[in-house]
>>> print(open('work-v3.txt').read())   # compact mmCIF, C-alpha atoms and all ligand atoms
# COMPACT_ATOMS: atom_id res chain seq x y z
CA MET I 154 -16.53 -28.38 -40.72
CA ILE I 155 -12.79 -27.78 -40.40
CA LEU I 156 -12.82 -24.02 -40.99
CA GLU I 157 -15.70 -23.34 -38.66
CA SER I 158 -13.89 -24.98 -35.76
CA LEU I 159 -11.15 -22.37 -36.22
CA LEU I 160 -13.15 -19.30 -37.16
CA PRO I 161 -16.86 -18.49 -36.75
CA ALA I 162 -18.98 -18.39 -39.89
CA ALA I 163 -20.64 -14.97 -39.89
CA SER I 164 -22.07 -14.54 -43.40
CA SER I 165 -24.82 -16.23 -45.36
CA TYR I 166 -22.28 -17.86 -47.69
CA ALA I 167 -19.54 -18.68 -45.17
CA ARG I 168 -20.78 -22.26 -44.76
CA ASP I 169 -20.84 -22.87 -48.52
CA ILE I 170 -17.20 -21.85 -48.70
CA GLY I 171 -16.45 -23.95 -45.60
CA PHE I 172 -18.03 -26.91 -47.38
CA LEU I 173 -15.77 -26.34 -50.41
CA PHE I 174 -12.77 -26.12 -48.11
CA ASP I 175 -13.68 -29.47 -46.53
CA LEU I 176 -14.40 -31.07 -49.90
CA ILE I 177 -11.04 -30.00 -51.33
CA THR I 178 -9.20 -31.02 -48.15
CA LEU I 179 -10.78 -34.46 -48.37
CA LEU I 180 -10.48 -35.09 -52.13
CA VAL I 181 -6.94 -33.76 -52.38
CA GLY I 182 -5.73 -34.71 -48.90
CA VAL I 183 -6.66 -38.41 -49.02
CA PRO I 184 -4.80 -39.13 -52.33
CA PHE I 185 -1.90 -37.06 -50.98
CA LEU I 186 -1.70 -39.21 -47.84
CA ILE I 187 -1.96 -42.41 -49.89
CA ALA I 188 0.83 -41.19 -52.19
CA CYS I 189 3.02 -40.26 -49.19
CA TYR I 190 2.37 -43.63 -47.57
CA LEU I 191 3.34 -45.56 -50.72
CA PHE I 192 6.38 -43.38 -51.33
CA PHE I 193 7.86 -43.86 -47.86
CA ALA I 194 6.69 -47.47 -47.55
CA PHE I 195 8.61 -48.42 -50.70
CA ILE I 196 11.68 -46.45 -49.61
CA PHE I 197 11.89 -48.11 -46.21
CA ARG I 198 10.86 -51.53 -47.40
CA PHE I 199 13.41 -51.81 -50.15
CA ALA I 200 16.16 -49.83 -48.48
CA ALA I 201 16.20 -52.21 -45.56
CA LYS I 202 16.95 -55.20 -47.73
CA LYS I 203 20.35 -55.88 -49.11
CA VAL I 204 19.38 -56.46 -52.72
CA ASP I 205 21.31 -56.73 -55.94
CA LYS I 206 21.47 -53.87 -58.38
CA ALA I 207 17.98 -52.47 -59.05
CA MET I 208 16.19 -53.51 -62.20
CA TYR I 209 16.04 -50.71 -64.75
CA ILE I 210 12.48 -50.03 -65.90
CA THR I 211 11.58 -47.23 -68.30
CA GLY I 212 7.94 -47.40 -67.27
CA TYR I 213 6.70 -46.99 -70.84
CA GLU I 214 5.29 -50.49 -71.16
CA HIS I 215 1.56 -50.84 -70.75
CA GLU I 216 2.11 -53.20 -67.88
CA TYR I 217 3.70 -50.40 -65.84
CA MET I 218 1.84 -47.44 -67.31
CA LYS I 219 -1.49 -48.81 -66.14
CA TRP I 220 -0.51 -47.97 -62.55
CA ILE I 221 -0.27 -44.34 -63.56
CA HIS I 222 -3.45 -44.36 -65.65
CA ARG I 223 -5.46 -46.08 -62.94
CA ALA I 224 -4.44 -43.47 -60.38
CA HIS I 225 -5.35 -40.70 -62.84
CA VAL I 226 -8.98 -41.74 -63.12
CA PRO I 227 -10.06 -41.05 -59.51
CA ILE I 228 -7.99 -37.82 -59.48
CA LEU I 229 -9.78 -36.58 -62.62
CA VAL I 230 -13.16 -37.56 -61.18
CA PHE I 231 -12.34 -35.70 -57.93
CA ASP I 232 -11.28 -32.64 -59.92
CA VAL I 233 -14.58 -32.62 -61.78
CA ILE I 234 -16.49 -32.93 -58.49
CA ILE I 235 -14.53 -29.99 -57.03
CA VAL I 236 -15.12 -27.86 -60.12
CA ILE I 237 -18.87 -28.55 -60.13
CA PHE I 238 -19.28 -27.51 -56.49
CA ALA I 239 -16.83 -24.60 -56.76
CA VAL I 240 -18.52 -23.07 -59.81
CA ASN I 241 -21.84 -23.24 -58.03
CA VAL I 242 -20.54 -21.42 -54.94
CA TRP I 243 -18.53 -18.94 -57.04
CA TYR I 244 -21.64 -18.03 -59.02
CA ASN I 245 -23.64 -17.46 -55.85
CA VAL I 246 -20.98 -15.37 -54.11
CA LYS I 247 -19.28 -13.44 -56.89
CA GLN I 248 -21.40 -13.35 -60.05
CA ASN I 249 -24.84 -13.22 -58.56
CA LEU I 250 -25.79 -9.88 -56.99
CA PRO I 251 -28.89 -10.17 -54.79
CA GLU I 252 -30.83 -7.01 -54.12
CA ALA I 253 -29.30 -4.85 -51.39
CA GLU I 254 -31.01 -3.53 -48.30
CA SER I 255 -28.10 -1.18 -47.67
CA THR I 256 -24.81 -0.18 -49.31
CA VAL I 257 -21.43 0.71 -47.83
CA ARG I 258 -18.41 2.20 -49.53
CA VAL I 259 -15.03 0.66 -48.71
CA ILE I 260 -11.97 2.69 -49.63
CA ALA I 261 -8.50 1.19 -49.31
CA GLN I 262 -5.29 3.19 -49.27
CA GLN I 263 -1.73 2.81 -48.01
CA TRP I 264 -2.38 1.90 -45.16
CA ALA I 265 -5.85 2.33 -43.82
CA TRP I 266 -9.46 1.58 -44.58
CA THR I 267 -12.11 4.23 -44.89
CA PHE I 268 -15.72 3.11 -44.60
CA VAL I 269 -18.64 5.24 -45.68
CA HIS I 270 -21.95 4.16 -44.16
CA PRO I 271 -25.28 5.49 -45.36
CA GLY I 272 -26.70 7.64 -42.58
CA PRO I 273 -30.23 7.56 -41.20
CA ASP I 274 -31.67 7.91 -44.74
CA ASN I 275 -29.97 4.60 -45.74
CA THR I 276 -28.76 6.22 -48.97
CA LEU I 277 -25.09 6.53 -49.80
CA ASP I 278 -23.54 9.80 -51.01
CA THR I 279 -25.88 12.05 -49.10
CA ALA I 280 -25.09 14.65 -46.45
CA ASP I 281 -25.82 12.34 -43.53
CA ASP I 282 -23.27 9.65 -44.50
CA ILE I 283 -21.08 8.40 -41.67
CA THR I 284 -17.39 8.05 -42.47
CA THR I 285 -15.11 6.03 -40.22
CA VAL I 286 -11.52 4.84 -40.36
CA ASN I 287 -10.65 1.17 -39.73
CA GLU I 288 -14.10 0.48 -38.30
CA LEU I 289 -17.02 -0.88 -40.29
CA HIS I 290 -20.48 -1.07 -38.73
CA VAL I 291 -23.15 -3.31 -40.21
CA ALA I 292 -26.44 -4.80 -39.08
CA LYS I 293 -27.00 -8.51 -38.73
CA ASP I 294 -29.34 -10.23 -41.23
CA THR I 295 -29.17 -7.30 -43.63
CA LEU I 296 -28.02 -7.77 -47.20
CA TYR I 297 -25.27 -5.28 -48.03
CA HIS I 298 -23.66 -4.26 -51.25
CA TYR I 299 -20.14 -2.96 -50.90
CA LYS I 300 -18.52 -0.55 -53.32
CA LEU I 301 -14.82 -1.26 -53.11
CA GLU I 302 -12.27 1.31 -54.22
CA SER I 303 -8.56 1.91 -53.90
CA LYS I 304 -6.85 5.28 -53.77
CA ASP I 305 -3.38 4.06 -54.73
CA VAL I 306 -2.30 0.44 -55.27
CA LEU I 307 -3.86 -3.03 -55.25
CA HIS I 308 -5.37 -3.96 -51.91
CA ASN I 309 -7.67 -6.77 -50.87
CA PHE I 310 -10.74 -6.43 -48.69
CA SER I 311 -10.71 -9.60 -46.61
CA VAL I 312 -13.25 -10.42 -43.91
CA PRO I 313 -12.25 -13.89 -42.69
CA VAL I 314 -15.46 -14.57 -40.73
CA PHE I 315 -17.45 -13.86 -43.92
CA ARG I 316 -15.02 -15.98 -46.01
CA LEU I 317 -14.92 -12.91 -48.22
CA LYS I 318 -11.90 -11.70 -50.14
CA GLN I 319 -12.04 -9.14 -52.90
CA ASP I 320 -9.26 -7.26 -54.64
CA ALA I 321 -9.45 -3.48 -54.70
CA ILE I 322 -8.11 -2.00 -57.91
CA PRO I 323 -7.23 1.68 -58.32
CA GLY I 324 -9.52 3.37 -60.86
CA ARG I 325 -12.31 0.86 -60.43
CA VAL I 326 -15.35 0.56 -58.20
CA ILE I 327 -15.99 -3.11 -57.52
CA THR I 328 -19.43 -4.08 -56.30
CA GLY I 329 -20.02 -7.18 -54.23
CA TRP I 330 -22.31 -8.35 -51.47
CA PHE I 331 -22.47 -9.97 -48.06
CA GLU I 332 -25.09 -10.70 -45.45
CA PRO I 333 -23.85 -10.84 -41.84
CA THR I 334 -25.52 -13.62 -39.85
CA LEU I 335 -23.69 -13.44 -36.53
CA ALA I 336 -23.36 -10.44 -34.22
CA GLY I 337 -19.94 -9.59 -32.84
CA GLU I 338 -16.70 -7.78 -33.54
CA TYR I 339 -14.30 -9.39 -36.00
CA ASP I 340 -11.19 -8.76 -38.07
CA ILE I 341 -10.86 -7.13 -41.45
CA GLN I 342 -7.45 -7.44 -43.04
CA CYS I 343 -5.83 -6.28 -46.23
CA ALA I 344 -4.94 -9.52 -48.02
CA GLU I 345 -2.79 -8.16 -50.82
CA ILE I 346 0.83 -7.13 -50.35
CA CYS I 347 0.40 -3.38 -50.79
CA GLY I 348 3.65 -1.94 -49.51
CA ILE I 349 5.73 -1.73 -46.35
CA GLY I 350 2.69 -1.10 -44.12
CA HIS I 351 0.61 -3.97 -45.50
CA GLY I 352 0.74 -5.86 -42.21
CA LEU I 353 -0.45 -2.71 -40.43
CA MET I 354 -3.66 -2.50 -42.41
CA PRO I 355 -6.17 -4.24 -40.19
CA ALA I 356 -9.63 -2.99 -39.35
CA ARG I 357 -12.59 -4.22 -37.34
CA ILE I 358 -16.09 -5.09 -38.41
CA HIS I 359 -18.84 -4.54 -35.87
CA ILE I 360 -21.88 -6.67 -36.61
CA GLU I 361 -24.75 -5.31 -34.57
CA THR I 362 -28.37 -6.31 -34.17
CA PRO I 363 -30.63 -4.08 -36.31
CA SER I 364 -31.73 -2.04 -33.27
CA GLN I 365 -28.15 -1.60 -32.00
CA HIS I 366 -27.09 -0.60 -35.48
CA ALA I 367 -29.91 1.91 -35.79
CA ALA I 368 -28.79 3.42 -32.47
CA TRP I 369 -25.18 3.62 -33.71
CA VAL I 370 -26.33 5.32 -36.93
CA ALA I 371 -28.48 7.80 -35.03
CA GLU I 372 -25.64 8.58 -32.62
CA ASN I 373 -22.97 9.01 -35.27
CA SER I 374 -24.80 10.75 -38.08
CA PRO I 375 -23.14 14.11 -38.78
CA PHE I 376 -26.34 15.96 -37.84
CA SER I 377 -26.61 14.43 -34.39
CA LEU I 378 -22.89 15.08 -33.86
CA ALA I 379 -23.34 18.72 -34.82
CA LYS I 380 -26.19 18.97 -32.35
CA ALA I 381 -24.19 17.34 -29.59
CA SER I 382 -21.23 19.65 -30.02
CA ALA I 383 -23.34 22.79 -30.47
CA PRO I 384 -26.47 22.42 -28.36
CA GLU I 385 -27.29 26.12 -28.71
CA LEU I 386 -27.88 25.52 -32.41
CA GLU I 387 -30.79 23.27 -31.54
CA VAL I 388 -32.33 26.09 -29.54
CA ALA I 389 -31.71 28.53 -32.36
CA GLU I 390 -33.45 26.23 -34.82
CA ARG I 391 -36.64 26.41 -32.84
CU CU N 401 -3.48 -2.96 -48.45
>>> encode(input="work-v3.txt", output="structure tokens")
Amino acid sequence: MILESLLPAASSYARDIGFLFDLITLLVGVPFLIACYLFFAFIFRFAAKKVDKAMYITGYEHEYMKWIHRAHVPILVFDVIIVIFAVNVWYNVKQNLPEAESTVRVIAQQWAWTFVHPGPDNTLDTADDITTVNELHVAKDTLYHYKLESKDVLHNFSVPVFRLKQDAIPGRVITGWFEPTLAGEYDIQCAEICGIGHGLMPARIHIETPSQHAAWVAENSPFSLAKASAPELEVAER
């Protein structure tokens, strides 16, 4: 796996996309190298010789055309192979929407990311939601839906370790999914030129074990924060 040697695979579909990457590299790269080899081999071979004026060939005769047609066949077959595998992965990642165990809202704007996490009740758009800037917290082995929005222009929610990239379009809420499979802290990057600060639109994803994540949720829910900053309230409640 070429991609995985450069970047960890941290989502359930990262390896499928890595496989596509390898397949395309192989099926396009090998003919490319053969073509380059022939191109330069002929240049050097015939340039070195002092020959008479080159023969003029239109290349329209069947005798010469067959060298083009014969090369076309494997290229077409490779294209069909790529399309078959790519459609399969595309369907699984983008068109299929497996049932979610949790949902996060991702809001892009010039030039920051806002993430809304469901609080302890695991339901979005309730009073205990946790909102963060440039910091997304998710639990490992949990299937998430994301609701992707943009406040201004086109952005792109890219999580390289997930092999996930999704455009954010102002006026639309785009739903997609991911399932983190590897704990750790990784990059999120806007992958659509969205203005002068585009390069300054990174964020971090924190993939925690379910127990660590539960602790983070408990610690950061607005109610526990209110209690921490106003301990006398807790006494008053009793
Ligand atoms: Cu952006």
>>> residues_around(input="work-v3.txt", residues="stretch 243-260 of chain I", least_positions_apart="2", cutoff="6 Å", atoms="all atoms listed in the file", output="list in words")
Ala239, Val240, Asn241, Trp266, Thr267, Phe268, Val269, His270, Leu296, Tyr297, His298, Tyr299, Lys300, Leu301, Glu302 and Ser303 of chain I
>>> closest_residue(input="work-v3.txt", among="I:Phe197, I:Trp264, I:Phe174, I:Phe315", to="ligand CU 401 (chain N)", atoms="all atoms listed in the file")
I:Trp264
>>> closest_atom_pairs(input="work-v3.txt", of="chain I", to="ligand CU 401 (chain N)", cutoff="9 Å", atoms="all atoms listed in the file", output="JSON lines")
{"residue": "I:Ala261", "atom": "CA", "partner": "N:CU401", "partner_atom": "CU", "distance": 6.6}
{"residue": "I:Gln262", "atom": "CA", "partner": "N:CU401", "partner_atom": "CU", "distance": 6.5}
{"residue": "I:Gln263", "atom": "CA", "partner": "N:CU401", "partner_atom": "CU", "distance": 6.0}
{"residue": "I:Trp264", "atom": "CA", "partner": "N:CU401", "partner_atom": "CU", "distance": 6.0}
{"residue": "I:Ala265", "atom": "CA", "partner": "N:CU401", "partner_atom": "CU", "distance": 7.4}
{"residue": "I:Trp266", "atom": "CA", "partner": "N:CU401", "partner_atom": "CU", "distance": 8.4}
{"residue": "I:Ser303", "atom": "CA", "partner": "N:CU401", "partner_atom": "CU", "distance": 8.9}
{"residue": "I:Val306", "atom": "CA", "partner": "N:CU401", "partner_atom": "CU", "distance": 7.7}
{"residue": "I:Leu307", "atom": "CA", "partner": "N:CU401", "partner_atom": "CU", "distance": 6.8}
{"residue": "I:His308", "atom": "CA", "partner": "N:CU401", "partner_atom": "CU", "distance": 4.1}
{"residue": "I:Asn309", "atom": "CA", "partner": "N:CU401", "partner_atom": "CU", "distance": 6.2}
{"residue": "I:Phe310", "atom": "CA", "partner": "N:CU401", "partner_atom": "CU", "distance": 8.1}
{"residue": "I:Ala321", "atom": "CA", "partner": "N:CU401", "partner_atom": "CU", "distance": 8.7}
{"residue": "I:Gln342", "atom": "CA", "partner": "N:CU401", "partner_atom": "CU", "distance": 8.1}
{"residue": "I:Cys343", "atom": "CA", "partner": "N:CU401", "partner_atom": "CU", "distance": 4.6}
{"residue": "I:Ala344", "atom": "CA", "partner": "N:CU401", "partner_atom": "CU", "distance": 6.7}
{"residue": "I:Glu345", "atom": "CA", "partner": "N:CU401", "partner_atom": "CU", "distance": 5.8}
{"residue": "I:Ile346", "atom": "CA", "partner": "N:CU401", "partner_atom": "CU", "distance": 6.3}
{"residue": "I:Cys347", "atom": "CA", "partner": "N:CU401", "partner_atom": "CU", "distance": 4.6}
{"residue": "I:Gly348", "atom": "CA", "partner": "N:CU401", "partner_atom": "CU", "distance": 7.3}
{"residue": "I:Gly350", "atom": "CA", "partner": "N:CU401", "partner_atom": "CU", "distance": 7.8}
{"residue": "I:His351", "atom": "CA", "partner": "N:CU401", "partner_atom": "CU", "distance": 5.1}
{"residue": "I:Gly352", "atom": "CA", "partner": "N:CU401", "partner_atom": "CU", "distance": 8.1}
{"residue": "I:Leu353", "atom": "CA", "partner": "N:CU401", "partner_atom": "CU", "distance": 8.6}
{"residue": "I:Met354", "atom": "CA", "partner": "N:CU401", "partner_atom": "CU", "distance": 6.1}
{"residue": "I:Pro355", "atom": "CA", "partner": "N:CU401", "partner_atom": "CU", "distance": 8.8}
>>> atom_distance(input="work-v3.txt", atom1="atom CA of I:Leu317", atom2="atom CA of I:Asn287")
17.0 Å
>>> atom_distance(input="work-v3.txt", atom1="atom CA of I:Tyr166", atom2="atom CA of I:Gly329")
12.7 Å
>>> atom_distance(input="work-v3.txt", atom1="atom CA of I:Pro313", atom2="atom CA of I:Ile327")
18.7 Å
>>> residues_near_point(input="work-v3.txt", point="(-27.9, -1.1, -34.2)", cutoff="12 Å", atoms="all atoms listed in the file", output="count of residues only")
24
>>> decode(input="work-v3.txt", residues="stretch 322-390 of chain I", atoms="C-alpha atoms", output="compact mmCIF listing (two decimals), in the first residue's frame")
# COMPACT_ATOMS: atom_id res chain seq x y z
CA ILE I 322 -21.48 24.52 -0.25
CA PRO I 323 -23.13 27.64 1.18
CA GLY I 324 -26.89 27.15 1.56
CA ARG I 325 -26.68 23.38 1.73
CA VAL I 326 -26.29 20.82 4.48
CA ILE I 327 -24.33 17.88 3.13
CA THR I 328 -24.56 14.63 5.03
CA GLY I 329 -21.80 12.04 4.89
CA TRP I 330 -20.25 9.44 7.15
CA PHE I 331 -17.01 8.11 8.56
CA GLU I 332 -15.94 5.56 11.12
CA PRO I 333 -12.60 6.24 12.84
CA THR I 334 -10.57 3.07 13.37
CA LEU I 335 -7.32 4.42 14.80
CA ALA I 336 -6.87 6.57 17.90
CA GLY I 337 -4.66 9.63 17.68
CA GLU I 338 -4.54 13.28 16.71
CA TYR I 339 -4.49 14.10 13.00
CA ASP I 340 -4.89 16.92 10.51
CA ILE I 341 -8.03 18.39 9.05
CA GLN I 342 -7.49 20.78 6.19
CA CYS I 343 -9.67 22.90 3.96
CA ALA I 344 -9.05 21.48 0.48
CA GLU I 345 -10.79 24.10 -1.62
CA ILE I 346 -9.24 27.47 -2.44
CA CYS I 347 -11.56 29.66 -0.37
CA GLY I 348 -9.77 32.99 -0.24
CA ILE I 349 -6.55 34.55 0.99
CA GLY I 350 -6.60 32.61 4.28
CA HIS I 351 -7.23 29.21 2.70
CA GLY I 352 -3.81 27.91 3.74
CA LEU I 353 -4.53 29.04 7.30
CA MET I 354 -7.61 26.87 7.64
CA PRO I 355 -6.28 23.75 9.30
CA ALA I 356 -7.86 21.98 12.24
CA ARG I 357 -7.15 18.86 14.27
CA ILE I 358 -9.16 15.72 14.73
CA HIS I 359 -8.81 13.92 18.05
CA ILE I 360 -9.76 10.27 17.78
CA GLU I 361 -10.22 8.96 21.29
CA THR I 362 -11.13 5.58 22.70
CA PRO I 363 -14.84 5.46 23.64
CA SER I 364 -14.05 5.86 27.36
CA GLN I 365 -11.65 8.78 26.75
CA HIS I 366 -14.23 10.37 24.51
CA ALA I 367 -16.97 9.96 27.09
CA ALA I 368 -14.69 11.65 29.63
CA TRP I 369 -14.03 14.54 27.20
CA VAL I 370 -17.78 14.94 26.60
CA ALA I 371 -18.54 14.90 30.31
CA GLU I 372 -15.80 17.44 31.00
CA ASN I 373 -16.73 19.83 28.22
CA SER I 374 -20.51 19.74 28.23
CA PRO I 375 -21.86 23.24 28.91
CA PHE I 376 -23.53 22.04 32.11
CA SER I 377 -20.35 20.68 33.65
CA LEU I 378 -18.53 23.87 32.61
CA ALA I 379 -21.19 25.99 34.28
CA LYS I 380 -20.80 23.93 37.43
CA ALA I 381 -17.03 24.23 37.37
CA SER I 382 -17.07 27.99 37.00
CA ALA I 383 -19.89 28.52 39.51
CA PRO I 384 -19.59 25.85 42.19
CA GLU I 385 -21.99 27.72 44.48
CA LEU I 386 -24.75 27.02 41.96
CA GLU I 387 -24.38 23.33 42.63
CA VAL I 388 -24.94 23.97 46.32
CA ALA I 389 -27.92 26.17 45.56
CA GLU I 390 -29.47 23.44 43.42
